[in-house]
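**Student:** Structure provided below as structure tokens; questions to follow.
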Amino acid sequence: MAMWLMKSEPEAYSIDDLKRDKTTMWDGVRNYQARNYMRSMSVGDKILLYHSNCEVPGVVGLAKVVRTAYPDPTQFDPSDKHFDPASKRDDPRWSLVDVGFVKKFRRTVSLTELKDQASRLGDFALIRTGNRLSVMSVTQKQFDLVVSMADR
DNA sequence: GCCAACGTTGGC
DNA sequence: GCCAACGTTGGC
């Protein structure tokens, strides 16, 4: 089983929205590496949910993969913000997975705290400078450390 | 709102 | 295939 970290802007879609919806299509990802990660996901893979572009950026809870990758319908919708006119229906460019709510942490594990733990986290994509990936893989050790930080 | 660090696009 | 211009991400 693999583990991942996925970002969202809470103003667009927050962990509270996911808690309400139970599951959601993780649509709108328009980055090839992030897309490739989603295509490699399996049902049951664990996800650290991260809030970006907000007052306290950080990991806010856990989710899981509930459906493996399939074409992102928003790429074909001209009225959608993420419409991609270059994507063909018989060869869709963008994929998504369905994500299910698992739990919301009692507190946010902030980006600042994660940077403070950089030496224990090892090579963690999230805290590499200039990283803008919205989907990244994490190791079991990194996953467990973040979860233990949330319990403090 | 600023801006650094990217990724993508398109002319050549 | 190079690379400048442009658009986006996301912390601060």
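Labeling convention for the structure tokens: chains A, B, ... as they appear, residues from 1 per chain, ligands from 1 in order of appearance.
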Can you write out as JSON lines which residues of chain A fall within 10 Å of chain B, alongside each residue's closest atom pair and its distance in Å to one decimal, counting only C-alpha atoms (C1' of nucleotides) and ordering rows by chain and ascending residue number?
**Tutor:**
{"residue": "A:Asn31", "atom": "CA", "partner": "B:DG7", "partner_atom": "C1'", "distance": 8.2}
{"residue": "A:Tyr32", "atom": "CA", "partner": "B:DG7", "partner_atom": "C1'", "distance": 9.6}
{"residue": "A:Thr129", "atom": "CA", "partner": "B:DA5", "partner_atom": "C1'", "distance": 7.9}
{"residue": "A:Gly130", "atom": "CA", "partner": "B:DA5", "partner_atom": "C1'", "distance": 4.9}
{"residue": "A:Asn131", "atom": "CA", "partner": "B:DC6", "partner_atom": "C1'", "distance": 7.6}
{"residue": "A:Arg132", "atom": "CA", "partner": "B:DC6", "partner_atom": "C1'", "distance": 7.2}
{"residue": "A:Leu133", "atom": "CA", "partner": "B:DC6", "partner_atom": "C1'", "distance": 9.6}
**Student:** For range 75-88 of chain A, list every protein, DNA or RNA residue within 9 Å, evaluated using only C-alpha atoms (C1' of nucleotides), and leave out those in the same chain fewer than 2 positions away; present the list as a ChimeraX atom specification.
**Tutor:** /A:27-30,71-73,90-94
**Student:** Report as a VMD selection string: the residues of range 24-141 of chain A with a DSSP assignment of strand (DSSP E or B), based on the backbone of this structure.
**Tutor:** chain A and resid 24 to 25 46 to 51 58 to 71 88 91 95 to 110 135 to 138
**Student:** Taking the backbone alone, and naming residues the way the document does, which bits of range 71-117 of chain A are helix (DSSP H, G or I) by DSSP, as a ChimeraX atom specification?
**Tutor:** /A:73-76,111-116
**Student:** Just checking: using only C-alpha atoms, which residue out of A:Ala63, A:Leu49, A:Val99, A:Pro57 ends up closest to Lys115 in chain A?
**Tutor:** A:Pro57
**Student:** If we count only C-alpha atoms (C1' of nucleotides), what is near Met3 in chain A at a cut-off of 8 Å, once residues fewer than 4 positions away on the same chain are taken out, given as an NGL selection string?
**Tutor:** :A and (45-48 or 137-140 or 143)
**Student:** Find the distance between CA of Asp116 in chain A and CA of Asp17 in chain A and write it in Å to one decimal.
**Tutor:** 29.1 Å
**Student:** One decimal, Å: what's the distance from CA of Val109 in chain A over to CA of Ser8 in chain A, could you say?
**Tutor:**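 Going from CA of Val109 in chain A over to CA of Ser8 in chain A, I get 14.9 Å.
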**Student:** Excluding Lys22 in chain A and residues on its chain fewer than 2 positions from it, collect all residues at most 7 Å away from it, counting only C-alpha atoms (C1' of nucleotides), and give them as a list in words.
**Tutor:**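 Listing them by chain and then by number gives Leu18, Lys19, Arg20, Gly100 and Phe101 of chain A.
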**Student:** Take the residues that were just selected and, keeping N, CA, C and O atoms, output them as a compact mmCIF listing (two decimals), in the first residue's frame.
**Tutor:**
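Final output, selection.txt:
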# COMPACT_ATOMS: atom_id res chain seq x y z
N LEU A 18 -14.91 17.70 2.50
CA LEU A 18 -14.78 16.26 2.27
C LEU A 18 -15.50 15.46 3.36
O LEU A 18 -16.12 14.44 3.07
N LYS A 19 -15.43 15.96 4.58
CA LYS A 19 -16.13 15.29 5.68
C LYS A 19 -17.64 15.28 5.41
O LYS A 19 -18.32 14.27 5.63
N ARG A 20 -18.13 16.39 4.90
CA ARG A 20 -19.56 16.51 4.58
C ARG A 20 -19.94 15.59 3.41
O ARG A 20 -20.95 14.89 3.46
N GLY A 100 -11.81 9.48 -0.36
CA GLY A 100 -12.78 9.35 0.73
C GLY A 100 -12.24 9.93 2.03
O GLY A 100 -11.05 9.85 2.32
N PHE A 101 -13.15 10.51 2.81
CA PHE A 101 -12.77 11.07 4.11
C PHE A 101 -12.39 9.97 5.09
O PHE A 101 -13.03 8.92 5.13
**Student:** Taking into account only C-alpha atoms, which residue in the set A:Ser148, A:Ser95, A:Gln142, A:Thr23 is nearest to Met38 in chain A?
**Tutor:**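 With only C-alpha atoms as the atom set, the closest residue is A:Ser95.
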